[in-house]
Structures are given as C-alpha cells and as structure tokens.
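Asks: So here's final_4.cif (mmCIF, C-alpha atoms).
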data_work
loop_
_atom_site.label_atom_id
_atom_site.label_comp_id
_atom_site.auth_asym_id
_atom_site.auth_seq_id
_atom_site.Cartn_x
_atom_site.Cartn_y
_atom_site.Cartn_z
CA MET A 1044 -36.30 72.10 -16.68
CA ALA A 1045 -34.90 70.55 -19.87
CA ASP A 1046 -32.18 73.23 -19.99
CA GLU A 1047 -31.13 72.40 -16.46
CA HIS A 1048 -30.53 68.69 -17.22
CA HIS A 1049 -28.45 69.22 -20.40
CA PRO A 1050 -25.35 70.74 -18.78
CA GLN A 1051 -25.22 67.87 -16.18
CA GLU A 1052 -24.98 65.04 -18.76
CA PRO A 1053 -21.48 65.96 -20.05
CA LYS A 1054 -20.23 66.07 -16.43
CA GLU A 1055 -21.54 62.59 -15.78
CA GLU A 1056 -19.93 61.31 -18.99
CA THR A 1057 -16.59 62.87 -18.19
CA LEU A 1058 -16.70 61.39 -14.70
CA ILE A 1059 -17.39 57.93 -16.10
CA GLU A 1060 -14.64 58.37 -18.66
CA LYS A 1061 -12.16 59.32 -15.97
CA ILE A 1062 -13.09 56.30 -13.87
CA SER A 1063 -12.84 53.98 -16.87
CA GLU A 1064 -9.46 55.47 -17.82
CA LYS A 1065 -8.16 54.85 -14.33
CA ILE A 1066 -9.43 51.28 -14.40
CA HIS A 1067 -7.93 50.66 -17.84
CA GLY A 1068 -4.68 52.28 -16.80
CA HIS A 1069 -4.50 50.05 -13.75
CA ASP A 1070 -5.24 46.99 -15.87
CA ASP A 1071 -2.57 47.95 -18.40
CA SER A 1072 0.04 48.46 -15.70
CA SER A 1073 -0.84 45.19 -13.98
CA SER A 1074 -0.82 43.34 -17.29
CA SER A 1075 2.57 44.83 -18.14
CA ASP A 1076 3.84 43.76 -14.73
CA ASP A 1077 2.44 40.29 -15.33
CA ASP A 1078 4.09 40.22 -18.75
CA LYS A 1079 7.41 41.15 -17.19
CA LYS A 1080 6.98 38.49 -14.55
CA SER A 1081 5.88 35.91 -17.07
CA GLY A 1082 8.73 36.88 -19.35
CA SER A 1083 11.24 36.18 -16.63
CA SER A 1084 9.40 33.30 -15.02
CA PRO A 1085 9.90 30.39 -17.45
CA SER A 1086 13.65 30.19 -17.02
CA SER A 1087 13.51 30.78 -13.26
CA ILE A 1088 10.64 28.34 -12.79
CA GLN A 1089 12.38 25.80 -15.00
CA SER A 1090 15.53 26.09 -12.93
CA GLN A 1091 13.58 25.65 -9.69
CA ILE A 1092 11.70 22.51 -10.82
CA TYR A 1093 12.77 19.44 -8.87
CA ARG A 1094 13.57 16.44 -11.02
CA LEU A 1095 13.88 12.89 -9.75
CA PHE A 1096 17.50 11.89 -8.96
CA GLY A 1097 18.59 15.40 -10.03
CA ARG A 1098 18.33 14.59 -13.73
CA GLU A 1099 18.68 17.39 -16.28
CA LYS A 1100 18.01 15.40 -19.47
CA PRO A 1101 14.77 13.90 -20.79
CA ILE A 1102 13.99 10.38 -19.69
CA HIS A 1103 14.74 9.11 -23.21
CA LYS A 1104 18.31 10.45 -22.98
CA VAL A 1105 18.71 9.11 -19.44
CA LEU A 1106 17.96 5.61 -20.72
CA GLY A 1107 20.73 5.95 -23.27
CA GLY A 1108 18.69 7.05 -26.27
CA GLY A 1109 18.43 5.06 -29.48
CA LYS A 1110 16.60 1.78 -29.89
CA PRO A 1111 16.95 0.47 -26.29
CA ALA A 1112 15.27 3.62 -24.94
CA ASP A 1113 12.57 3.31 -27.62
CA VAL A 1114 11.88 -0.23 -26.45
CA PHE A 1115 11.67 0.74 -22.77
CA LEU A 1116 9.42 3.73 -23.52
CA TRP A 1117 7.18 1.76 -25.92
CA ARG A 1118 7.92 3.96 -28.94
CA ASN A 1119 7.44 0.83 -31.05
CA LYS A 1120 4.71 -1.15 -29.33
CA LYS A 1121 5.24 -4.34 -31.34
CA ILE A 1122 8.93 -4.63 -30.43
CA SER A 1123 8.32 -3.70 -26.78
CA ALA A 1124 5.44 -6.15 -26.45
CA GLY A 1125 7.52 -8.85 -28.16
CA ALA A 1126 10.46 -8.33 -25.81
CA LEU A 1127 8.24 -8.37 -22.72
CA GLY A 1128 6.32 -11.39 -23.99
CA GLY A 1129 9.54 -13.29 -24.77
CA ALA A 1130 10.93 -12.56 -21.30
CA THR A 1131 7.66 -13.70 -19.74
CA ALA A 1132 7.68 -16.93 -21.78
CA LEU A 1133 11.26 -17.68 -20.70
CA TRP A 1134 10.44 -16.98 -17.06
CA VAL A 1135 7.39 -19.26 -17.19
CA LEU A 1136 9.44 -21.93 -18.95
CA PHE A 1137 12.35 -21.90 -16.52
CA GLU A 1138 10.65 -20.91 -13.26
CA LEU A 1139 7.15 -22.40 -13.35
CA ILE A 1140 7.69 -25.41 -15.61
CA GLU A 1141 11.23 -25.80 -14.18
CA TYR A 1142 12.83 -26.32 -17.57
CA HIS A 1143 16.64 -25.97 -17.49
CA LEU A 1144 18.58 -23.63 -19.74
CA LEU A 1145 21.16 -26.19 -20.86
CA THR A 1146 18.43 -28.71 -21.67
CA LEU A 1147 16.50 -26.12 -23.67
CA VAL A 1148 19.56 -25.09 -25.68
CA CYS A 1149 20.44 -28.71 -26.44
CA HIS A 1150 16.88 -29.55 -27.51
CA ILE A 1151 16.70 -26.51 -29.79
CA LEU A 1152 20.04 -27.40 -31.38
CA ILE A 1153 19.01 -31.04 -31.86
CA LEU A 1154 15.75 -30.02 -33.53
CA ALA A 1155 17.37 -27.38 -35.76
CA LEU A 1156 20.27 -29.63 -36.85
CA ALA A 1157 17.94 -32.57 -37.54
CA ILE A 1158 15.63 -30.44 -39.71
CA LEU A 1159 18.51 -28.90 -41.67
CA PHE A 1160 20.29 -32.26 -42.10
CA LEU A 1161 17.17 -34.01 -43.39
CA TRP A 1162 16.29 -31.05 -45.62
CA SER A 1163 19.78 -30.96 -47.15
CA ASN A 1164 19.72 -34.70 -47.91
CA ALA A 1165 16.11 -34.80 -49.08
CA SER A 1166 16.61 -31.90 -51.52
CA THR A 1167 18.56 -34.15 -53.91
CA PHE A 1168 15.67 -36.65 -54.13
CA ILE A 1169 12.84 -34.16 -54.56
CA ASN A 1170 14.80 -31.92 -56.96
CA LYS A 1171 14.63 -28.81 -54.80
CA SER A 1172 17.33 -26.40 -53.76
CA SER A 1173 19.16 -27.12 -50.53
CA PRO A 1174 18.56 -24.75 -47.63
CA HIS A 1175 20.73 -21.65 -47.44
CA ILE A 1176 22.51 -21.77 -44.09
CA PRO A 1177 24.13 -18.41 -43.26
CA GLU A 1178 27.49 -18.25 -41.55
CA PHE A 1179 27.41 -16.62 -38.14
CA HIS A 1180 30.30 -14.74 -36.59
CA ILE A 1181 30.58 -12.26 -33.75
CA PRO A 1182 31.91 -8.86 -34.90
CA GLU A 1183 34.85 -7.47 -32.99
CA GLU A 1184 33.82 -3.82 -32.57
CA PRO A 1185 30.56 -4.31 -30.56
CA VAL A 1186 32.32 -6.77 -28.25
CA LEU A 1187 35.12 -4.27 -27.59
CA GLN A 1188 32.61 -1.49 -26.94
CA ILE A 1189 30.67 -3.61 -24.46
CA ALA A 1190 33.89 -4.68 -22.74
CA ALA A 1191 35.08 -1.06 -22.50
CA ALA A 1192 31.74 0.08 -21.05
CA LEU A 1193 31.78 -2.76 -18.51
CA ARG A 1194 35.37 -1.93 -17.54
CA ILE A 1195 34.44 1.71 -16.87
CA GLU A 1196 31.42 0.77 -14.74
CA ILE A 1197 33.35 -1.89 -12.79
CA ASN A 1198 36.21 0.54 -12.08
CA ARG A 1199 33.69 3.13 -10.93
CA ALA A 1200 32.09 0.61 -8.59
CA PHE A 1201 35.52 -0.33 -7.21
CA ALA A 1202 36.27 3.38 -6.59
CA VAL A 1203 33.01 3.81 -4.70
CA LEU A 1204 33.70 0.72 -2.60
CA HIS A 1205 37.22 1.98 -1.86
CA ASP A 1206 35.87 5.32 -0.63
CA ILE A 1207 33.30 3.59 1.55
CA ALA A 1208 35.83 1.15 3.01
CA SER A 1209 38.16 4.06 3.82
CA GLY A 1210 35.49 5.62 6.03
CA ARG A 1211 35.42 8.91 4.11
CA ASP A 1212 31.74 9.18 3.23
CA LEU A 1213 29.30 8.15 5.95
CA LYS A 1214 26.20 9.03 3.95
CA LYS A 1215 27.28 6.91 0.99
CA PHE A 1216 28.21 4.08 3.36
CA LEU A 1217 24.75 4.05 4.92
CA SER A 1218 22.99 4.20 1.54
CA VAL A 1219 25.05 1.30 0.14
CA ILE A 1220 24.49 -0.79 3.29
CA ALA A 1221 20.75 -0.13 3.10
CA GLY A 1222 20.68 -1.04 -0.60
CA LEU A 1223 22.58 -4.29 -0.05
CA TRP A 1224 20.31 -5.16 2.87
CA VAL A 1225 17.18 -4.64 0.76
CA LEU A 1226 18.75 -6.65 -2.07
CA SER A 1227 19.56 -9.51 0.32
CA ILE A 1228 15.93 -9.58 1.49
CA VAL A 1229 14.67 -9.64 -2.10
CA GLY A 1230 17.20 -12.37 -2.92
CA ASN A 1231 15.86 -14.43 -0.05
CA TRP A 1232 12.36 -14.20 -1.50
CA CYS A 1233 13.24 -15.21 -5.08
CA ASN A 1234 16.11 -16.56 -7.16
CA PHE A 1235 18.29 -14.70 -9.64
CA LEU A 1236 16.11 -15.48 -12.66
CA THR A 1237 12.98 -14.12 -11.00
CA LEU A 1238 14.90 -11.06 -9.84
CA PHE A 1239 16.18 -10.48 -13.37
CA TYR A 1240 12.65 -10.86 -14.75
CA ILE A 1241 11.25 -8.39 -12.19
CA ALA A 1242 13.94 -5.87 -13.17
CA PHE A 1243 13.12 -6.42 -16.86
CA VAL A 1244 9.40 -5.84 -16.25
CA LEU A 1245 10.11 -2.71 -14.19
CA LEU A 1246 12.27 -1.33 -17.02
CA HIS A 1247 9.31 -1.78 -19.36
CA THR A 1248 6.75 -0.18 -17.03
CA LEU A 1249 8.26 2.43 -14.70
CA PRO A 1250 9.91 4.67 -17.37
CA VAL A 1251 6.63 4.84 -19.35
CA PHE A 1252 4.67 5.63 -16.19
CA TYR A 1253 7.19 8.27 -15.16
CA GLU A 1254 7.20 9.90 -18.61
CA LYS A 1255 3.39 10.10 -18.57
CA TYR A 1256 3.07 11.46 -15.01
CA GLU A 1257 6.41 13.24 -14.77
CA ASP A 1258 5.27 16.40 -12.97
CA GLN A 1259 3.19 14.55 -10.37
CA VAL A 1260 5.98 12.07 -9.61
CA ASP A 1261 8.60 14.84 -9.34
CA THR A 1262 6.37 16.83 -6.98
CA PHE A 1263 5.88 13.81 -4.73
CA ALA A 1264 9.60 13.00 -4.91
CA GLN A 1265 10.46 16.56 -3.91
CA LYS A 1266 8.31 16.31 -0.78
CA ALA A 1267 9.76 12.90 0.06
CA HIS A 1268 13.31 14.17 -0.47
CA ALA A 1269 12.71 17.14 1.82
CA GLU A 1270 11.29 14.86 4.51
CA ILE A 1271 14.23 12.44 4.21
CA LYS A 1272 16.70 15.33 4.50
CA LYS A 1273 14.90 16.55 7.60
CA GLN A 1274 14.99 13.13 9.24
CA TYR A 1275 18.64 12.64 8.25
CA ALA A 1276 19.54 15.99 9.82
CA VAL A 1277 17.94 14.87 13.08
CA ILE A 1278 19.78 11.51 13.01
CA ASP A 1279 23.03 13.23 12.08
CA ALA A 1280 22.75 15.67 14.95
CA LYS A 1281 21.91 13.00 17.53
CA VAL A 1282 23.90 9.96 16.39
CA LEU A 1283 26.09 10.28 13.30
CA SER A 1284 27.96 13.39 14.35
CA LYS A 1285 29.21 11.57 17.43
CA ILE A 1286 30.78 8.72 15.42
CA PRO A 1287 34.53 9.20 14.84
CA ARG A 1288 35.40 9.78 11.20
CA GLY A 1289 38.25 8.38 9.11
CA PRO A 1290 41.06 10.39 7.53
CA LEU A 1291 40.22 13.19 5.15
CA LYS A 1292 39.81 12.24 1.53
CA ASN A 1293 42.12 14.83 0.09
CA LYS A 1294 44.92 16.21 2.18
CA LYS A 1295 46.36 19.55 1.24
CA LYS A 1296 49.83 19.35 -0.14
CA ASP A 1297 52.46 21.75 1.12
#
In structure tokens, write the structure found in this file.
Replies:
Amino acid sequence: MADEHHPQEPKEETLIEKISEKIHGHDDSSSSDDDKKSGSSPSSIQSQIYRLFGREKPIHKVLGGGKPADVFLWRNKKISAGALGGATALWVLFELIEYHLLTLVCHILILALAILFLWSNASTFINKSSPHIPEFHIPEEPVLQIAAALRIEINRAFAVLHDIASGRDLKKFLSVIAGLWVLSIVGNWCNFLTLFYIAFVLLHTLPVFYEKYEDQVDTFAQKAHAEIKKQYAVIDAKVLSKIPRGPLKNKKKD
C-alpha cells in the first residue's frame, strides 16, 4: 500500500507547480500591463486634470511670485499677520470709529514734527546728539515700472470694452454685464473702503485655502463648469442664437 502512494505524490506536486506557475505568470503579465499603464498614465492624467480658470502654473506663480505672493500665501506668518492686522486696524479706524484719512495724516504729521522739533532743540541743553532724520525720496525706476504695468492693464481693459461694444463677443458681453451687476449690488451694500478691505482679506485667505485643498476645489470647479456649459448651451440654443450678431471681428482681406 505504501508503494502505491509514492508514485502519486510527484504527480500532485507537479500539478500544484503548474497551477502556481500559471497564477504567477498571470500576475506577472498583469503587473507588467499595470506598469505600462502607470508609466504612461502620469503625463496623460496630468494633462487631463482640470485646473481652476485654466491655470497651468502653481498658485504662487499666478500671484506674481516673489514677496507679494509669499505674503498672500502666508510663507512668512509674521509679515502676513502684520499686513492683515494693519488693514483691519485701518478699517476699524475709518469705518467703525469714522476717523477721516486727511485728519489722521495731519495728526500724525503734527505729532511727528512736534516730537522731532522738541528733540532737536532739547538736545543742545541736555548734551545729547540730535536725532538723525533721513531724507526721503521716491526712486524713479519703480514708479516707471508701476506706470508701465498700469498702462498695459488699462489698454487691455479698453480693448475688451471695445470688443464688447462692437457686438462681436456675446459670451464676454454677458459675463461682463453680470460682473458689473454683482459689483453694483455689492457697492450698494458697502462703501469703497469696506469693499477694498473685503478684497484684501480675501487675498489673504482664499489663495491659502485653495493651495491647501487644491484637488478638491478643482474637482468641484470642474463639475460646476460642466453644468454651466450645459445650461449655457440650452440658453444659446433657445435664446442667444436668435439674437442678431454684429459684424465679424476679422474680415478676410482679398
């Protein structure tokens, strides 16, 4: 009976080996396929990722880079907190306490000039050195750079307004009208100083929030953008397509 069982054991082992080889072979092939897919996926997935407002650069570069972007993204918490705290103090001073800007500037100048004048005259009696008052002047290069940047942005805004007034871009016309309407409602709720302060606070909060939850915000924005496009297509088919358009933007030259 022992001799009968010995020849069957190698058969069972070879059968198990064959099954395991098939399983391992299938795993190797599937893993190689996964490797191929994963090798080609990062670039394709990266290109298919939806980014808010179609941006292709990091949020730090979108904000201009350098120190202003560092302040908005709280890279240096002391400077960012100081800027936000100073803006809040000015808003409370002008809006809640109803202190006027011209009055504040005059009071600060009166106090500073009085202290420096008394210090300069008292230094001769108490045998101490007079205060060192630095000379202030505005450099020419930064002013020219700011003026050039403002000129470019203003000309760009004029070009957009010209295209809208010419009736060439209905979608842009509707978006600008909606933006101005929302801005007029906000302006009816608060004055320019409060509006400026709200924009300043948003610049110090929204970019940090977006950088921290970038993927979640982009996913939600992608769904919202798809829904807006769907609704716009319906409105365009029913209403906008029936509105007569202006002349073409670029006419072909003979």
Asks: Exactly which residues make up the result of the PyMOL selection byres ((chain A and resi 1214-1230) around 12) on this file, given as a PyMOL selection string?
Replies: chain A and resi 1200+1203-1213+1231-1239+1241-1242+1272+1275-1276+1278-1279+1283-1284+1288
Asks: May I ask which of the residues A:Ala1190, A:Ile1181, A:Leu1133, A:Ile1176 is the closest one to Trp1162 in chain A, counting only C-alpha atoms?
Replies: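 Going through A:Ala1190, A:Ile1181, A:Leu1133, A:Ile1176 one by one, the smallest distance to Trp1162 in chain A is for A:Ile1176.
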Asks: For a quick check of understanding, using all atoms listed in the file, which of A:Val1114, A:Ala1267, A:Ala1191, A:Ala1202 has the smallest distance to Thr1248 in chain A?
Replies: A:Val1114
Asks: Expressed in Å to a single decimal, how great is the separation between CA of Ser1123 in chain A and CA of Leu1147 in chain A?
Replies: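 Interatomic distance here is 24.1 Å.
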Asks: Can you report as JSON the centre and edge lengths in Å, to one decimal, of an axis-aligned box around the listed atoms of range 1116-1120 of chain A padded with 6 Å on each side?
Replies:
{"center_x": 7.1, "center_y": 1.4, "center_z": -27.3, "size_x": 16.7, "size_y": 17.1, "size_z": 19.5}
Asks: Please determine, counting all atoms listed in the file, which residue among A:Ile1189, A:Leu1156, A:Val1148, A:Leu1249 has the shortest atom-to-atom distance to Leu1116 in chain A.
Replies: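 Smallest distance to Leu1116 in chain A is found for A:Leu1249.
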Asks: Quick one, how far is CA of Val1251 in chain A from CA of Ile1271 in chain A?
Replies: 25.9 Å
Asks: Would you compute the distance between CA of Tyr1256 in chain A and CA of Ala1124 in chain A? Give it in Å to one decimal.
Replies: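 Spanning CA of Tyr1256 in chain A to CA of Ala1124 in chain A is a straight-line distance of 21.1 Å.
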Asks: Have a look at A:His1143, A:Glu1254, A:Leu1152, A:Lys1121 and name the one nearest to Ile1102 in chain A; count only C-alpha atoms.
Replies: A:Glu1254
Asks: With N, CA, C and O atoms as the goal, would you fill in the gaps in range 1139-1164 of chain A and present it as a CSV table (one decimal), in the frame of the given file?
Replies:
chain,number,residue,atom,x,y,z
A,1139,LEU,N,8.4,-21.7,-13.7
A,1139,LEU,CA,7.2,-22.4,-13.4
A,1139,LEU,C,7.2,-23.9,-13.8
A,1139,LEU,O,6.9,-24.8,-13.1
A,1140,ILE,N,7.6,-24.0,-15.1
A,1140,ILE,CA,7.7,-25.4,-15.6
A,1140,ILE,C,9.0,-26.1,-15.2
A,1140,ILE,O,9.1,-27.3,-15.3
A,1141,GLU,N,9.9,-25.3,-14.7
A,1141,GLU,CA,11.2,-25.8,-14.2
A,1141,GLU,C,12.0,-26.5,-15.3
A,1141,GLU,O,12.7,-27.5,-15.1
A,1142,TYR,N,12.0,-25.9,-16.5
A,1142,TYR,CA,12.8,-26.3,-17.6
A,1142,TYR,C,14.2,-25.7,-17.4
A,1142,TYR,O,14.3,-24.5,-17.0
A,1143,HIS,N,15.3,-26.5,-17.7
A,1143,HIS,CA,16.6,-26.0,-17.5
A,1143,HIS,C,17.2,-25.4,-18.8
A,1143,HIS,O,16.9,-25.8,-19.9
A,1144,LEU,N,18.0,-24.4,-18.6
A,1144,LEU,CA,18.6,-23.6,-19.7
A,1144,LEU,C,19.4,-24.5,-20.7
A,1144,LEU,O,19.3,-24.5,-21.9
A,1145,LEU,N,20.3,-25.3,-20.1
A,1145,LEU,CA,21.2,-26.2,-20.9
A,1145,LEU,C,20.3,-27.2,-21.6
A,1145,LEU,O,20.6,-27.5,-22.8
A,1146,THR,N,19.3,-27.8,-21.0
A,1146,THR,CA,18.4,-28.7,-21.7
A,1146,THR,C,17.7,-28.0,-22.8
A,1146,THR,O,17.6,-28.6,-23.9
A,1147,LEU,N,17.2,-26.8,-22.6
A,1147,LEU,CA,16.5,-26.1,-23.7
A,1147,LEU,C,17.4,-25.8,-24.9
A,1147,LEU,O,17.0,-26.1,-26.0
A,1148,VAL,N,18.6,-25.4,-24.6
A,1148,VAL,CA,19.6,-25.1,-25.7
A,1148,VAL,C,19.9,-26.4,-26.5
A,1148,VAL,O,19.9,-26.4,-27.7
A,1149,CYS,N,20.1,-27.5,-25.8
A,1149,CYS,CA,20.4,-28.7,-26.4
A,1149,CYS,C,19.3,-29.2,-27.3
A,1149,CYS,O,19.4,-29.7,-28.4
A,1150,HIS,N,18.1,-29.1,-26.8
A,1150,HIS,CA,16.9,-29.6,-27.5
A,1150,HIS,C,16.6,-28.7,-28.8
A,1150,HIS,O,16.3,-29.2,-29.8
A,1151,ILE,N,16.9,-27.4,-28.6
A,1151,ILE,CA,16.7,-26.5,-29.8
A,1151,ILE,C,17.7,-26.8,-30.8
A,1151,ILE,O,17.4,-26.9,-32.1
A,1152,LEU,N,19.0,-27.1,-30.4
A,1152,LEU,CA,20.0,-27.4,-31.4
A,1152,LEU,C,19.8,-28.8,-32.1
A,1152,LEU,O,20.0,-28.9,-33.3
A,1153,ILE,N,19.3,-29.7,-31.3
A,1153,ILE,CA,19.0,-31.0,-31.9
A,1153,ILE,C,17.9,-30.9,-32.9
A,1153,ILE,O,18.0,-31.5,-34.0
A,1154,LEU,N,16.9,-30.2,-32.6
A,1154,LEU,CA,15.8,-30.0,-33.5
A,1154,LEU,C,16.2,-29.3,-34.8
A,1154,LEU,O,15.9,-29.7,-35.9
A,1155,ALA,N,16.9,-28.2,-34.6
A,1155,ALA,CA,17.4,-27.4,-35.8
A,1155,ALA,C,18.3,-28.2,-36.6
A,1155,ALA,O,18.2,-28.2,-37.9
A,1156,LEU,N,19.3,-28.9,-36.1
A,1156,LEU,CA,20.3,-29.6,-36.8
A,1156,LEU,C,19.6,-30.8,-37.6
A,1156,LEU,O,19.9,-31.1,-38.7
A,1157,ALA,N,18.6,-31.4,-36.9
A,1157,ALA,CA,17.9,-32.6,-37.5
A,1157,ALA,C,17.1,-32.1,-38.7
A,1157,ALA,O,17.1,-32.7,-39.8
A,1158,ILE,N,16.4,-31.0,-38.6
A,1158,ILE,CA,15.6,-30.4,-39.7
A,1158,ILE,C,16.5,-30.0,-40.9
A,1158,ILE,O,16.3,-30.4,-42.1
A,1159,LEU,N,17.6,-29.3,-40.6
A,1159,LEU,CA,18.5,-28.9,-41.7
A,1159,LEU,C,19.2,-30.1,-42.3
A,1159,LEU,O,19.4,-30.1,-43.6
A,1160,PHE,N,19.6,-31.1,-41.5
A,1160,PHE,CA,20.3,-32.3,-42.1
A,1160,PHE,C,19.4,-33.0,-43.0
A,1160,PHE,O,19.7,-33.4,-44.1
A,1161,LEU,N,18.1,-33.3,-42.6
A,1161,LEU,CA,17.2,-34.0,-43.4
A,1161,LEU,C,16.8,-33.2,-44.6
A,1161,LEU,O,16.6,-33.8,-45.7
A,1162,TRP,N,16.6,-31.9,-44.5
A,1162,TRP,CA,16.3,-31.0,-45.6
A,1162,TRP,C,17.4,-31.1,-46.7
A,1162,TRP,O,17.1,-31.2,-47.9
A,1163,SER,N,18.7,-31.0,-46.2
A,1163,SER,CA,19.8,-31.0,-47.2
A,1163,SER,C,19.9,-32.3,-47.9
A,1163,SER,O,20.2,-32.3,-49.1
A,1164,ASN,N,19.6,-33.4,-47.2
A,1164,ASN,CA,19.7,-34.7,-47.9
A,1164,ASN,C,18.5,-35.0,-48.8
A,1164,ASN,O,18.6,-35.7,-49.8
